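Enquirer: Here it is, the structure, as structure tokens.
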Amino acid sequence: MTTTVLVIEDNEKNMYLVTFILERSGYRVLQARDGQSGITLAAQAKPDLILMDIQLPVMDGYTVARELTSNEDLKHVPIVAVTSYAMSGDRERALASGCIGYIEKPINPATFLVEIKQFLPPTKADLLKGSGS
Amino acid sequence: MYFFLLDPKHPPHQKRKSWRFCAALLTLVIALLAAKDPAGAVRTVRVGVYQNEPKIFMNEDRQASGFFIDLLQAIAADEGWSLEYVACEWTACLQALESGQIDLMPDVAYSQERDGTYDFHTTPVVSSWSQVYTAPGVEINGYADLAGMRVAVLEGSIQQTIFSQYMAGFGYEVIITPTASFQQAFELASRNEVDAAIANQFFGDYFQLSYGLTRTPIVFNPSTLFFATAEGRNADLLAAIDRHLNAWIQQPNSLYYTTLSRWTLPLPATRLPRTFYWGVAIAAAMLVAAIGTILLLRAQVRLRTKHLEQAIQALRESEQRYQLISTVASDYMFSSQLDAQKNLTLNWVAGAFETITGYSMEDYITHGGWRASVHPDDLSIDDRDLDRLRRNQPVISELRTLTRDGRVVWVRVYAQPVLDKNSRELFGIHGAVQDITARKQAEIAIQELNTSLELRVTERTRELAAAKERAESADHLKSAFLATMSHELRTPLNSIIGFTGILLMGLVGELSTEQTKQLNMIQDSARHLLELINDVLDISKIEAGQVELAREPYDMRAIIEKSVEKMRPLAEKKGLSLVTVVASSVGQMTGDRRRVEQVLINLVNNAVKFTEQGEVRIECAPEGEFLVTKVVDTGIGIRSEDMDTLFKPFRQVDTGITRQYEGTGLGLSICKRLVETMGGSIWIESEWGSGSTFAFSLPMERKEP
């Protein structure tokens, strides 16, 4: 089964970059351009992972994270903040609002996949690989 | 002579002749010296003679005469001296003695002062003192009797000085008549032109009868008389005099006593010489004691008189002051009494009453008196004052009064109640009223000033608070701006680095060598730009005091390893070896792991960047209460003049180094601020050309008990 990743990101180029890396690696990518549509899409599609920018139009990432974690259907979906917000306390605020991870922009394509993988539940392939070794 | 002796042309017998001449000369000198032998010499002694009959004087035949002369002639005859008399005035005689014009001076009273200028022999020739002699018909038995009397005294003499001092000391006024000689003084007394005359007792006793004077018991200034020589000269004369005096005084009928009796009138006491001197000594001692007592008593009387005079003077001055106050001051004094209608009515004023009230006393009373002049708003104060006075309490109060022309005058009232002796009820008031308008106006002005000052302070405080708020909000804006800037700058970088990464990973397709090379350059530049952004952001946060440090346990050893791993690719590329020397005790610390890592990476990065060959060594060990980490390189080193500016932000931007080595120059200043914020310090040990050591310390957490 294909792993679905919801990316909430307003910058077109960044959205393209992340989507490109994820799709090349076999992920299904859902795109949302602002916080509110991100929540709507998450509720509809129930993704395996949400990658989310913090500075977003309409509704900021902190609020989105709080909304998602307070939703019974969605609170088990891991949310990882991918952001260039780097003022003091940003990381803490992101984690406090419900994110389980924090990846600072600019992302490094060489390590990005390894980083997000740790937030995903293990796939069948992983489990098989693990039991086989 | 020298030439002569050396001249070879002169025959030797001429030399022999001169030797004979020298021998003859020598014999003559010896003969002359032998003739000077003291045993056979005549000693000429020049003696000063002044007029002090009967002790020493020149008589009518211009012959030296007197007691001292007789004694000296006897000694001279015995010693083989030839006496040469020099007549002189007393002062001139002493000067002649000092200058060596005379050798010996008779009749000199010993004093400590004179002992410094002259030499005296040891045994006194005779004792002397000054004495008062009265004119015919005058009776004097003590100092007190001298008060108001005319007294003749030798002008400029020791008697004049001492007598005047005594009289002044006792507080007696005497009329001193100075005379040219003792004789003149006695003549004046004999003619009753003065009441008394003073002379030394030798003169007095000798001449009193011939002038018809009477000796009084008043004696003073006892002294002992000697022969004197100039200091250090003619000691032999003094020794001879002493020898003779000592011999004579031992023998009752010696030349000394016969001479003494010849020159003094026969007096009972002088018959027994020993007793006489003792008597004089005892009398002198008693006299001194008596004078002392008298002086003491007089001093006390004078002191009391002085106090009395001072008291009288003070009283006089006080009275004058009172009069002055009454006439010119801004006060007036008053007295008021209950009249027939039991109303207090003014009955006496003094001082500036009219100036203060504008009324004459009569008009004032007619107009309604004190009560009518009190300002309507201050009547309650006057009520309270009157109440107190009725209860026999004095009053001091300040209130406003109105003058005749309606001016407001602030006054201070001092009032004292006067109670009726029998009924003990208020009978009258007296006191003073002082115009204090000027002071009050000043006080009011000060109060107004204070109030306006307070207002201004409040206003200024508000302004400052507003300014502070503006500054704070500006600061807040700055922070927000920086956050936004950081975000906005990172977002495009994100794309650049990300897409370059994708291309380099070959995810899009195969790349040629040149494409890979150029894409790597893009990536390097983009990463450098990112570092710059991070640095500017960091220093802004630090300057704004916005650095929040985490407090969590971390492993220092792990941080060192991680930093080394991160820098290893660059070091290997430059052919440098990275070495770590970590003490075994280094391990768990508490603090902000990311910030410590940032500092260490920065230092290692610098070291690798500025070192072309050799190694970069990281040492870490505890020192006291601090953990010290050193990054030692074998690079170009740092000039001592550059060390101070190294930690200052934006400095490196100005130097040529920036061109050669990339960087904002902010790294070290960020490290310094971070380390100091964490409670440690950072420093450099370096020598130009032989590498540098960058070190920083961090406080080690003491283990909680």
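Every chain in the structure tokens takes a letter, A first, then B, and so on in the order presented; its residues are numbered from 1, and the ligands are numbered from 1 following the presented order.
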Name all residues at most 10 Å from A:Glu9 (count only C-alpha atoms; drop same-chain ones fewer than 4 positions away) and give them as an mmCIF file with N, CA and C atoms, in the first residue's frame.

Expert:
```cif
data_model
loop_
_atom_site.group_PDB
_atom_site.id
_atom_site.type_symbol
_atom_site.label_atom_id
_atom_site.label_comp_id
_atom_site.auth_asym_id
_atom_site.auth_seq_id
_atom_site.Cartn_x
_atom_site.Cartn_y
_atom_site.Cartn_z
ATOM 1 N N LYS A 13 7.587 26.754 -5.154
ATOM 2 C CA LYS A 13 8.837 26.067 -5.487
ATOM 3 C C LYS A 13 9.164 24.999 -4.445
ATOM 4 N N ASN A 14 8.951 25.374 -3.190
ATOM 5 C CA ASN A 14 9.216 24.406 -2.127
ATOM 6 C C ASN A 14 8.267 23.207 -2.236
ATOM 7 N N MET A 15 6.996 23.531 -2.573
ATOM 8 C CA MET A 15 6.002 22.478 -2.735
ATOM 9 C C MET A 15 6.450 21.508 -3.843
ATOM 10 N N TYR A 16 6.917 22.077 -4.917
ATOM 11 C CA TYR A 16 7.377 21.264 -6.054
ATOM 12 C C TYR A 16 8.557 20.396 -5.630
ATOM 13 N N VAL A 18 9.569 19.372 -2.555
ATOM 14 C CA VAL A 18 9.232 18.289 -1.622
ATOM 15 C C VAL A 18 8.438 17.189 -2.356
ATOM 16 N N GLN A 31 -1.428 17.838 -1.793
ATOM 17 C CA GLN A 31 -0.946 19.203 -1.602
ATOM 18 C C GLN A 31 -2.040 20.121 -1.065
ATOM 19 N N ALA A 32 -1.674 20.921 -0.080
ATOM 20 C CA ALA A 32 -2.582 21.979 0.399
ATOM 21 C C ALA A 32 -1.783 23.274 0.450
ATOM 22 N N ARG A 33 -2.419 24.414 -0.018
ATOM 23 C CA ARG A 33 -1.677 25.679 -0.122
ATOM 24 C C ARG A 33 -1.871 26.576 1.098
ATOM 25 N N ASP A 34 -2.827 26.237 1.971
ATOM 26 C CA ASP A 34 -2.994 27.022 3.202
ATOM 27 C C ASP A 34 -3.480 26.118 4.331
ATOM 28 N N GLY A 35 -3.499 26.644 5.528
ATOM 29 C CA GLY A 35 -3.809 25.861 6.734
ATOM 30 C C GLY A 35 -5.192 25.249 6.708
ATOM 31 N N GLY A 38 -5.618 22.553 4.310
ATOM 32 C CA GLY A 38 -4.817 21.429 4.824
ATOM 33 C C GLY A 38 -5.643 20.571 5.755
ATOM 34 N N LEU A 51 3.411 16.870 6.422
ATOM 35 C CA LEU A 51 4.565 17.781 6.457
ATOM 36 C C LEU A 51 3.999 19.188 6.301
ATOM 37 N N MET A 52 4.352 20.073 7.232
ATOM 38 C CA MET A 52 3.643 21.354 7.265
ATOM 39 C C MET A 52 4.592 22.508 7.539
ATOM 40 N N ASP A 53 4.429 23.551 6.723
ATOM 41 C CA ASP A 53 5.146 24.798 6.995
ATOM 42 C C ASP A 53 4.447 25.491 8.168
ATOM 43 N N ILE A 54 5.181 26.354 8.878
ATOM 44 C CA ILE A 54 4.539 27.045 9.998
ATOM 45 C C ILE A 54 3.893 28.347 9.525
ATOM 46 N N GLN A 55 4.637 29.095 8.681
ATOM 47 C CA GLN A 55 4.072 30.366 8.218
ATOM 48 C C GLN A 55 3.192 30.107 7.000
ATOM 49 N N LEU A 56 1.921 30.163 7.284
ATOM 50 C CA LEU A 56 0.966 29.828 6.212
ATOM 51 C C LEU A 56 -0.096 30.897 6.113
ATOM 52 N N PRO A 57 -0.687 31.086 4.917
ATOM 53 C CA PRO A 57 -1.801 32.031 4.828
ATOM 54 C C PRO A 57 -3.060 31.464 5.493
ATOM 55 N N GLY A 61 0.631 27.426 11.075
ATOM 56 C CA GLY A 61 0.909 26.013 11.331
ATOM 57 C C GLY A 61 0.597 25.568 12.750
ATOM 58 N N VAL A 82 8.070 21.599 8.870
ATOM 59 C CA VAL A 82 9.221 21.832 7.976
ATOM 60 C C VAL A 82 9.236 23.342 7.765
ATOM 61 N N THR A 83 10.164 23.984 8.421
ATOM 62 C CA THR A 83 10.034 25.451 8.449
ATOM 63 C C THR A 83 11.367 26.176 8.495
#
```

Enquirer: Any chance you could list, as JSON, numbers by chain, the residues in stretch 512-613 of chain B that come up helix (DSSP H, G or I) when DSSP is run on the backbone?

Expert: {"B": [513, 514, 515, 516, 517, 518, 519, 520, 521, 522, 523, 524, 525, 526, 527, 528, 529, 530, 531, 532, 533, 534, 535, 536, 537, 538, 539, 540, 541, 542, 543, 556, 557, 558, 559, 560, 561, 562, 563, 564, 565, 566, 567, 568, 569, 570, 571, 572, 573, 574, 593, 594, 595, 596, 597, 598, 599, 600, 601, 602, 603, 604, 605, 606, 607, 608, 609, 610]}

Enquirer: Could you tell me how far atom CA of B:Leu399 lies from atom CA of B:Gly351, in Å and to one decimal?

Expert: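 Atom CA of B:Gly351 lies at a distance of 19.4 Å from atom CA of B:Leu399.
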
Enquirer: Could you tell me which residues of chain A sit within 10 Å of chain B when counting only C-alpha atoms, and give me the result as a ChimeraX atom specification?

Expert: /A:11-18,20-21,24-25,55,83-89,104-110,112

Enquirer: Assign secondary structure with DSSP using the backbone only, and return the residues of stretch 43-98 of chain A in strand (DSSP E or B) as a list in words.

Expert: Leu49, Ile50, Leu51, Met52, Ile79, Val80, Ala81, Val82 and Thr83 of chain A

Enquirer: So, counting only C-alpha atoms, which residue among B:Lys609, B:Lys566, B:Lys55, B:Arg593 is closest to B:Ser128?

Expert: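 Distance minimum relative to B:Ser128 lands on B:Lys55.
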
Enquirer: One decimal, Å: what's the distance from atom CA of B:Ile682 over to atom CA of B:Ala695, could you say?

Expert: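 Computing the Euclidean distance for atom CA of B:Ile682 and atom CA of B:Ala695 yields 5.7 Å.
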
Enquirer: Residues at most 12 Å from B:Val628, counting only C-alpha atoms, excluding those fewer than 4 positions away in the same chain, as a PyMOL selection string?

Expert: chain B and resi 556+581-583+586+600+618-624+675+680-683+693-700

Enquirer: Let me see the file: selected residues, C-alpha atoms, as a PDB file, in the first residue's frame.

Expert:
```pdb
ATOM      1  CA  MET B 556      30.481  17.134  25.977  1.00  0.00           C
ATOM      2  CA  VAL B 581      42.688  15.094  23.367  1.00  0.00           C
ATOM      3  CA  VAL B 582      39.828  14.732  25.819  1.00  0.00           C
ATOM      4  CA  ALA B 583      40.410  14.126  29.520  1.00  0.00           C
ATOM      5  CA  VAL B 586      34.974  14.978  30.594  1.00  0.00           C
ATOM      6  CA  LEU B 600      32.879  24.596  19.042  1.00  0.00           C
ATOM      7  CA  ILE B 618      40.899  19.859  20.120  1.00  0.00           C
ATOM      8  CA  GLU B 619      41.774  19.600  23.813  1.00  0.00           C
ATOM      9  CA  CYS B 620      39.213  19.391  26.548  1.00  0.00           C
ATOM     10  CA  ALA B 621      39.838  19.123  30.309  1.00  0.00           C
ATOM     11  CA  PRO B 622      38.412  20.476  33.562  1.00  0.00           C
ATOM     12  CA  GLU B 623      40.256  23.402  35.157  1.00  0.00           C
ATOM     13  CA  GLY B 624      38.947  24.216  38.611  1.00  0.00           C
ATOM     14  CA  VAL B 675      29.979  31.687  25.991  1.00  0.00           C
ATOM     15  CA  GLY B 680      32.099  31.184  30.756  1.00  0.00           C
ATOM     16  CA  SER B 681      34.761  33.115  28.921  1.00  0.00           C
ATOM     17  CA  ILE B 682      36.645  32.899  25.638  1.00  0.00           C
ATOM     18  CA  TRP B 683      40.229  33.874  24.850  1.00  0.00           C
ATOM     19  CA  THR B 693      44.831  28.576  20.312  1.00  0.00           C
ATOM     20  CA  PHE B 694      41.199  29.561  20.781  1.00  0.00           C
ATOM     21  CA  ALA B 695      39.887  28.496  24.147  1.00  0.00           C
ATOM     22  CA  PHE B 696      36.598  28.771  25.966  1.00  0.00           C
ATOM     23  CA  SER B 697      35.503  27.790  29.418  1.00  0.00           C
ATOM     24  CA  LEU B 698      32.101  26.675  30.640  1.00  0.00           C
ATOM     25  CA  PRO B 699      31.047  26.431  34.266  1.00  0.00           C
ATOM     26  CA  MET B 700      30.656  22.847  35.444  1.00  0.00           C
TER      27      MET B 700
END
```
